[in-house]
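Trainee: The structure follows.
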Amino acid sequence: MTEMDKRYLDNPYPDYMGEPTTPSGYDEEHVKDLICTYVDSILEYVRPGGDDDSRGDLYVGNAGIAYMFWKMSRSERCRDLYPALDHASAFIRDAKINGERYKKRSAERYSYLLGNAGIFAVSAAISHDLNQTEDLSNDLANFKSGISASKEYISTKNGCDEVLVGRAGFLTGCYWLNDVLSEKRITDDDIVAICQLIILSGREYAKHTGSPLPLMYQYHGTEYLGAAHGLCAILQVLLDSPWFRTDPISAPSADLRDIKRSIDFFLSLQDQEGNFPVALEDLKTGREKRLVHWCHGAPGAVYLLAKAYLIFKEDKYLHSLRHAADLVWKKGFLRKGPGICHGVAGNGYVFLLMYRLTNEPKYMYRAVKYMELLTNSEFKHRARTPDRPFSLYEGVAGTVCFLIDLLEPEQAHFPFMEVFR
């Protein structure tokens with residue numbers, strides 16, 4: 001048994017063979033019951049103000065649970081299941097209190113998934129929907145303090161560009177707030193300025209290390225390629241920038257060239273199964289480790305590939321996407337749990353993305369089956385319990401987001417990684 005084999009369970013379902021042999025529909029009430037089961041467990045075991053949430057962040061803290069409830073409050077299918085916005089307000093209030101102790105740290109102000117920027121972004125969305133104008137103003141001011149903080153360094157010894165704590169993550173918050181608030185609050189000029197810093201940082205690092213890519217980055221000394229820590233999500237947020245929302249593309253020619261060449265180099269790393277290496281160093285060491293997680297591997301790479309396909313209209317990106325999705329179908333039934341970072345729900349999001357992109361029922365069928373995997377007896381018996389089992393990225397709060405999106409697939413997107421804007 002290989003290392004990969006130990007990480008996933010066999011998918012018990014046949015692949016899509018067309019209607020009516022393999023129907024792609026689902027029982028809406030069953031999905032809602034599953035949502036309620038997860039939400040009830042969160043409300044039973046996680047309390048705003050509890051001792052177990054010392055940080056409050058989006059990744060594993062109360063801000064992530066607040067985001068889940070906020071998402072539910074905006075769902076036509078699910079908003080009546082709970083007083084969702086009230087719960088969102090309670091959880092984000094506690095997260096902000098816990099985040100106060102970190103406000104003086106400059107890096108915290110633009111750290112999104114693991115820092116204060118994400119807490120205040122979600123708080124701004126909740127304050128907006130509650131019509132709390134003073135709180136909204138304060139939340140936005142705290143979030144926007146990350147703009148100047150993100151410009152203080154071109155690079156740092158531990159990296160400052162990736163999604164968890166770096167500039168790319170902060171940009172996902174900028175894009176998301178501009179999407180969900182009634183007015184655009186983050187200017188194109190500020191967004192472009194941060195993008196230019198990311199490009200400059202990537203060029204300097206690539207030149208210094210003799211990288212085969214024109215843009216490359218490191219996080220704590222490792223040249224990661226995946227979504228959570230590495231290259232593919234950084235490139236994706238650059239494609240999300242105002243430069244690529246114009247026709248023709250308005251990015252400076254040198255920047256466009258380096259972004260495109262970096263994407264295509266990353267594409268060239270896809271293996272025969274459809275996966276990608278964890279880190280660039282793996283190419284030198286011959287390390288065979290391949291992970292089928294959002295954080296490392298094909299399930300996170302699909303968002304870059306989808307964005308590249310939508311912008312550049314080149315079939316090679318769609319071909320790569322299909323290859324990656326086939327891998328996830330075969331080897332994405334992870335034993336690590338139900339979460340979105342490295343779990344079944346995160347891999348289920350791959351099929352919702354592909355369904356939105358292609359409108360092919362095969363992908364909706366696969367997404368439904370990944371929902372059914374959550375209650376599979378073997379999964380219940382053999383899956384591991386995450387360290388933070390109720391959180392957004394490791395636990396069932398993220399699973400709830402996937403299930404809400406399954407009910408409304410026309411607008412489904414992995415948290416903060418919308419590629420169709």
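By order of appearance in the structure tokens: chains A, B, ..., then residues from 1 within every chain, and ligands from 1 in the order shown.
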Which parts of region 278-367 of chain A does DSSP call helix (DSSP H, G or I) when run on the backbone here, written out as a VMD selection string?
Mentor: chain A and resid 281 to 285 298 to 312 315 to 331 344 to 358 361 to 367
Trainee: Return the single residue from A:Ile191, A:Ile249, A:Ile198, A:Lys144 that is closest to Thr156 (chain A), with distances computed using only C-alpha atoms.
Mentor: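 When distances to Thr156 (chain A) are compared using only C-alpha atoms, the smallest one comes from A:Ile198.
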Trainee: Skip Gly99 (chain A) itself and residues of its chain fewer than 4 positions away, then list as an MDAnalysis selection string all residues within 7 Å of it, counting only C-alpha atoms.
Mentor: chainID A and resid 55:56 95 103 116
Trainee: For the interface of region 275-305 of chain A with region 201-212 of chain A (cut-off 12 Å, counting only C-alpha atoms), please tabulate each contacting residue of region 275-305 of chain A alongside its nearest pair of atoms and their separation in Å to one decimal, rows sorted by chain and increasing number, as JSON lines.
Mentor:
{"residue": "A:Leu280", "atom": "CA", "partner": "A:Ser211", "partner_atom": "CA", "distance": 9.3}
{"residue": "A:Glu281", "atom": "CA", "partner": "A:Ser211", "partner_atom": "CA", "distance": 10.6}
{"residue": "A:Leu283", "atom": "CA", "partner": "A:Pro212", "partner_atom": "CA", "distance": 11.2}
{"residue": "A:Lys284", "atom": "CA", "partner": "A:Ser211", "partner_atom": "CA", "distance": 11.8}
Trainee: In Å, rounded to a single decimal, give me how far CA of Lys336 (chain A) is from CA of Ala279 (chain A).
Mentor: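 Between CA of Ala279 (chain A) and CA of Lys336 (chain A) the gap works out to 20.6 Å.
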Trainee: Skip region 170-183 of chain A itself and residues of its chain fewer than 2 positions away, then list as a PyMOL selection string all residues within 8 Å of it, counting only C-alpha atoms.
Mentor: chain A and resi 110-112+117-118+121+125+128+146+163+165-168+185-186+191+194+237+240+416-417
Trainee: Take the residues from that selection and put them in a file with N, CA and C atoms, as an mmCIF file, in the first residue's frame.
Mentor:
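Listing of again_20.cif after writing:
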data_model
loop_
_atom_site.group_PDB
_atom_site.id
_atom_site.type_symbol
_atom_site.label_atom_id
_atom_site.label_comp_id
_atom_site.auth_asym_id
_atom_site.auth_seq_id
_atom_site.Cartn_x
_atom_site.Cartn_y
_atom_site.Cartn_z
ATOM 1 N N TYR A 110 -2.849 42.437 7.687
ATOM 2 C CA TYR A 110 -3.200 41.945 6.354
ATOM 3 C C TYR A 110 -3.220 40.416 6.288
ATOM 4 N N SER A 111 -3.123 39.768 7.425
ATOM 5 C CA SER A 111 -3.228 38.303 7.491
ATOM 6 C C SER A 111 -4.711 37.933 7.464
ATOM 7 N N TYR A 112 -5.114 37.169 6.464
ATOM 8 C CA TYR A 112 -6.544 36.959 6.229
ATOM 9 C C TYR A 112 -7.087 35.696 6.895
ATOM 10 N N ALA A 117 -7.276 40.470 9.528
ATOM 11 C CA ALA A 117 -7.951 40.964 8.328
ATOM 12 C C ALA A 117 -9.199 40.144 8.017
ATOM 13 N N GLY A 118 -9.104 38.833 8.148
ATOM 14 C CA GLY A 118 -10.261 37.986 7.881
ATOM 15 C C GLY A 118 -11.377 38.191 8.883
ATOM 16 N N ALA A 121 -13.053 41.488 7.973
ATOM 17 C CA ALA A 121 -13.783 41.400 6.710
ATOM 18 C C ALA A 121 -15.144 40.745 6.921
ATOM 19 N N ALA A 125 -19.097 42.328 6.620
ATOM 20 C CA ALA A 125 -20.222 41.770 5.871
ATOM 21 C C ALA A 125 -21.439 41.579 6.770
ATOM 22 N N HIS A 128 -22.886 45.000 7.696
ATOM 23 C CA HIS A 128 -23.608 45.511 6.529
ATOM 24 C C HIS A 128 -25.015 44.927 6.462
ATOM 25 N N GLY A 146 -4.856 46.991 6.761
ATOM 26 C CA GLY A 146 -3.994 46.003 6.137
ATOM 27 C C GLY A 146 -3.415 46.447 4.808
ATOM 28 N N VAL A 163 -1.653 32.720 0.803
ATOM 29 C CA VAL A 163 -3.059 32.949 1.142
ATOM 30 C C VAL A 163 -3.325 32.937 2.648
ATOM 31 N N VAL A 165 -1.537 33.832 5.428
ATOM 32 C CA VAL A 165 -1.171 35.012 6.210
ATOM 33 C C VAL A 165 -0.650 36.160 5.349
ATOM 34 N N GLY A 166 -0.533 35.977 4.053
ATOM 35 C CA GLY A 166 0.149 36.955 3.218
ATOM 36 C C GLY A 166 -0.755 37.823 2.374
ATOM 37 N N ARG A 167 -0.121 38.515 1.427
ATOM 38 C CA ARG A 167 -0.836 39.488 0.604
ATOM 39 C C ARG A 167 -1.901 38.860 -0.287
ATOM 40 N N ALA A 168 -1.652 37.646 -0.778
ATOM 41 C CA ALA A 168 -2.660 36.999 -1.620
ATOM 42 C C ALA A 168 -3.954 36.774 -0.835
ATOM 43 N N ARG A 185 -15.792 49.075 -1.758
ATOM 44 C CA ARG A 185 -15.085 49.754 -0.670
ATOM 45 C C ARG A 185 -13.569 49.743 -0.821
ATOM 46 N N ILE A 186 -13.032 48.829 -1.622
ATOM 47 C CA ILE A 186 -11.584 48.758 -1.820
ATOM 48 C C ILE A 186 -11.305 49.207 -3.252
ATOM 49 N N ILE A 191 -5.787 47.781 -4.871
ATOM 50 C CA ILE A 191 -5.641 46.378 -5.257
ATOM 51 C C ILE A 191 -4.466 46.193 -6.208
ATOM 52 N N ILE A 194 -1.047 46.387 -4.512
ATOM 53 C CA ILE A 194 -0.673 45.162 -3.813
ATOM 54 C C ILE A 194 -0.258 44.088 -4.815
ATOM 55 N N VAL A 237 -5.028 35.020 -7.502
ATOM 56 C CA VAL A 237 -5.475 36.345 -7.067
ATOM 57 C C VAL A 237 -4.957 37.437 -8.003
ATOM 58 N N ASP A 240 -7.398 37.622 -10.677
ATOM 59 C CA ASP A 240 -8.636 38.254 -10.203
ATOM 60 C C ASP A 240 -8.564 39.777 -10.219
ATOM 61 N N PHE A 416 -14.134 32.343 -0.438
ATOM 62 C CA PHE A 416 -13.177 33.395 -0.826
ATOM 63 C C PHE A 416 -12.399 33.061 -2.102
ATOM 64 N N MET A 417 -12.868 32.076 -2.871
ATOM 65 C CA MET A 417 -12.170 31.702 -4.097
ATOM 66 C C MET A 417 -13.120 31.679 -5.291
#
Trainee: Could you give me, as a list in words, the residues within 8 Å of region 376-382 of chain A, counting only C-alpha atoms and dropping anything in the same chain fewer than 4 positions from it?
Mentor: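 What passes the distance filter is Leu9, Arg335 and Glu372 of chain A.
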Trainee: Need to verify the contact set: Gly395 (chain A), 12 Å, only C-alpha atoms, exclusion of same-chain residues closer than 2 positions in sequence. Can you return it as a PyMOL selection string?
Mentor: chain A and resi 38-39+41-42+58-62+64-65+68+336-346+384-393+397-402
Trainee: How would the residues just chosen look if you wrote them out with N, CA, C and O atoms as a compact mmCIF listing (two decimals), in the first residue's frame?
Mentor:
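Done, and the output landed in again-v7.txt:
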# COMPACT_ATOMS: atom_id res chain seq x y z
N TYR A 38 -25.08 19.07 11.40
CA TYR A 38 -23.77 19.70 11.61
C TYR A 38 -23.90 20.99 12.41
O TYR A 38 -23.11 21.25 13.33
N VAL A 39 -24.88 21.82 12.07
CA VAL A 39 -25.03 23.10 12.76
C VAL A 39 -25.41 22.89 14.22
O VAL A 39 -24.90 23.57 15.12
N SER A 41 -24.53 20.44 16.05
CA SER A 41 -23.31 20.03 16.77
C SER A 41 -22.43 21.24 17.06
O SER A 41 -21.81 21.31 18.14
N ILE A 42 -22.36 22.17 16.13
CA ILE A 42 -21.57 23.38 16.37
C ILE A 42 -22.15 24.17 17.53
O ILE A 42 -21.44 24.59 18.45
N LEU A 58 -10.41 32.96 10.85
CA LEU A 58 -11.27 32.30 9.88
C LEU A 58 -10.95 30.82 9.73
O LEU A 58 -11.85 30.00 9.53
N TYR A 59 -9.70 30.47 9.81
CA TYR A 59 -9.29 29.11 9.48
C TYR A 59 -9.87 28.10 10.48
O TYR A 59 -10.52 27.14 10.07
N VAL A 60 -9.63 28.29 11.75
CA VAL A 60 -10.14 27.34 12.74
C VAL A 60 -10.87 28.01 13.89
O VAL A 60 -11.24 27.35 14.86
N GLY A 61 -11.10 29.32 13.82
CA GLY A 61 -11.70 30.04 14.94
C GLY A 61 -13.15 30.43 14.71
O GLY A 61 -13.80 30.04 13.74
N ASN A 62 -13.65 31.25 15.64
CA ASN A 62 -15.06 31.64 15.61
C ASN A 62 -15.42 32.51 14.42
O ASN A 62 -16.59 32.58 14.02
N GLY A 64 -14.62 31.90 11.41
CA GLY A 64 -15.03 30.97 10.37
C GLY A 64 -16.44 30.47 10.56
O GLY A 64 -17.20 30.30 9.60
N ILE A 65 -16.81 30.22 11.81
CA ILE A 65 -18.19 29.81 12.10
C ILE A 65 -19.14 30.96 11.81
O ILE A 65 -20.24 30.76 11.26
N MET A 68 -19.82 30.99 8.17
CA MET A 68 -20.79 29.96 7.79
C MET A 68 -22.22 30.43 8.02
O MET A 68 -23.09 30.29 7.15
N LYS A 336 -9.10 12.20 6.18
CA LYS A 336 -8.80 13.27 7.14
C LYS A 336 -10.04 13.94 7.72
O LYS A 336 -9.94 14.74 8.64
N GLY A 337 -11.22 13.67 7.15
CA GLY A 337 -12.42 14.23 7.73
C GLY A 337 -13.29 14.94 6.71
O GLY A 337 -13.08 14.86 5.50
N PRO A 338 -14.30 15.68 7.18
CA PRO A 338 -15.29 16.28 6.30
C PRO A 338 -14.97 17.69 5.82
O PRO A 338 -15.75 18.29 5.09
N GLY A 339 -13.84 18.26 6.24
CA GLY A 339 -13.60 19.68 6.05
C GLY A 339 -13.26 20.09 4.63
O GLY A 339 -13.24 19.28 3.70
N ILE A 340 -12.96 21.38 4.46
CA ILE A 340 -12.70 21.91 3.12
C ILE A 340 -11.22 22.05 2.82
O ILE A 340 -10.82 22.06 1.65
N CYS A 341 -10.36 22.16 3.82
CA CYS A 341 -8.93 22.32 3.56
C CYS A 341 -8.31 21.00 3.12
O CYS A 341 -7.58 20.94 2.13
N HIS A 342 -8.61 19.95 3.85
CA HIS A 342 -8.07 18.63 3.52
C HIS A 342 -9.11 17.58 3.89
O HIS A 342 -8.86 16.69 4.70
N GLY A 343 -10.28 17.70 3.26
CA GLY A 343 -11.35 16.77 3.57
C GLY A 343 -12.32 16.59 2.41
O GLY A 343 -12.14 17.14 1.32
N VAL A 344 -13.36 15.82 2.66
CA VAL A 344 -14.31 15.42 1.63
C VAL A 344 -15.05 16.62 1.05
O VAL A 344 -15.26 16.71 -0.17
N ALA A 345 -15.47 17.56 1.88
CA ALA A 345 -16.23 18.71 1.36
C ALA A 345 -15.38 19.59 0.45
O ALA A 345 -15.86 20.08 -0.57
N GLY A 346 -14.12 19.79 0.83
CA GLY A 346 -13.25 20.60 -0.02
C GLY A 346 -13.07 19.98 -1.39
O GLY A 346 -13.02 20.68 -2.41
N ARG A 384 -10.70 10.43 10.33
CA ARG A 384 -10.09 11.02 11.51
C ARG A 384 -10.89 12.23 11.97
O ARG A 384 -11.53 12.90 11.18
N THR A 385 -10.82 12.50 13.26
CA THR A 385 -11.45 13.69 13.80
C THR A 385 -10.45 14.84 13.77
O THR A 385 -9.36 14.72 14.35
N PRO A 386 -10.75 15.94 13.08
CA PRO A 386 -9.80 17.06 13.01
C PRO A 386 -9.54 17.66 14.39
O PRO A 386 -10.33 17.50 15.33
N ASP A 387 -8.43 18.39 14.49
CA ASP A 387 -8.11 19.07 15.75
C ASP A 387 -9.20 20.06 16.12
O ASP A 387 -9.51 20.23 17.30
N ARG A 388 -9.73 20.77 15.12
CA ARG A 388 -10.82 21.72 15.37
C ARG A 388 -12.04 21.26 14.56
O ARG A 388 -12.30 21.74 13.46
N PRO A 389 -12.80 20.30 15.10
CA PRO A 389 -13.81 19.60 14.31
C PRO A 389 -15.02 20.42 13.91
O PRO A 389 -15.82 19.96 13.09
N PHE A 390 -15.18 21.64 14.46
CA PHE A 390 -16.34 22.44 14.11
C PHE A 390 -15.98 23.68 13.29
O PHE A 390 -16.83 24.51 13.00
N SER A 391 -14.74 23.79 12.90
CA SER A 391 -14.23 25.02 12.28
C SER A 391 -14.53 25.07 10.78
O SER A 391 -15.01 24.11 10.18
N LEU A 392 -14.21 26.23 10.18
CA LEU A 392 -14.50 26.44 8.76
C LEU A 392 -13.62 25.62 7.86
O LEU A 392 -14.09 24.96 6.93
N TYR A 393 -12.31 25.61 8.09
CA TYR A 393 -11.41 24.94 7.16
C TYR A 393 -11.12 23.49 7.53
O TYR A 393 -10.94 22.65 6.65
N ALA A 397 -18.09 23.32 9.85
CA ALA A 397 -18.60 24.60 9.38
C ALA A 397 -18.35 24.75 7.87
O ALA A 397 -19.21 25.24 7.13
N GLY A 398 -17.19 24.30 7.43
CA GLY A 398 -16.91 24.31 6.00
C GLY A 398 -17.77 23.31 5.25
O GLY A 398 -18.19 23.56 4.11
N THR A 399 -18.06 22.17 5.87
CA THR A 399 -18.94 21.18 5.26
C THR A 399 -20.33 21.77 5.03
O THR A 399 -20.95 21.52 3.99
N VAL A 400 -20.81 22.53 6.00
CA VAL A 400 -22.11 23.19 5.85
C VAL A 400 -22.10 24.14 4.64
O VAL A 400 -23.06 24.19 3.87
N CYS A 401 -21.01 24.88 4.46
CA CYS A 401 -20.91 25.77 3.30
C CYS A 401 -21.02 24.98 2.00
O CYS A 401 -21.71 25.40 1.06
N PHE A 402 -20.35 23.83 1.93
CA PHE A 402 -20.44 22.98 0.75
C PHE A 402 -21.88 22.52 0.51
O PHE A 402 -22.38 22.53 -0.63
Trainee: Skip Glu76 (chain A) itself and residues of its chain fewer than 5 positions away, then list as a VMD selection string all residues within 12 Å of it, counting only C-alpha atoms.
Mentor: chain A and resid 71 81 404 to 405 407 to 408 411
Trainee: Tell me, which residues of region 127-280 of chain A carry DSSP strand (DSSP E or B), written as a list of chain:residue names?
Mentor: A:Tyr219, A:Thr222, A:Tyr224, A:Ala279
Trainee: May I ask which of the residues A:Ser150, A:Asn347, A:Gln236, A:Thr246 is the closest one to Ser262 (chain A), counting only C-alpha atoms?
Mentor: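 Counting only C-alpha atoms, the residue closest to Ser262 (chain A) is A:Gln236.
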Trainee: Determine the nearest neighbour of Tyr67 (chain A) from the options A:Leu231, A:Gly348, A:Pro415, A:Gly297, counting only C-alpha atoms.
Mentor: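 So, comparing all the options, the nearest one is A:Pro415.
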Trainee: Do you have the CA of Leu200 (chain A)-CA of Ser145 (chain A) distance handy?
Mentor: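 Computed distance, CA of Leu200 (chain A) to CA of Ser145 (chain A), equals 21.4 Å.
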Trainee: Calculate how many Å separate CA of Ala149 (chain A) from CA of Met216 (chain A), rounding to one decimal.
Mentor: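 Computing the Euclidean distance for CA of Ala149 (chain A) and CA of Met216 (chain A) yields 21.7 Å.
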Trainee: Identify which of the residues A:Tyr355, A:Trp70, A:Thr222, A:Leu374 lies closest to Ser24 (chain A), counting only C-alpha atoms when measuring atom-to-atom distances.
Mentor: A:Tyr355
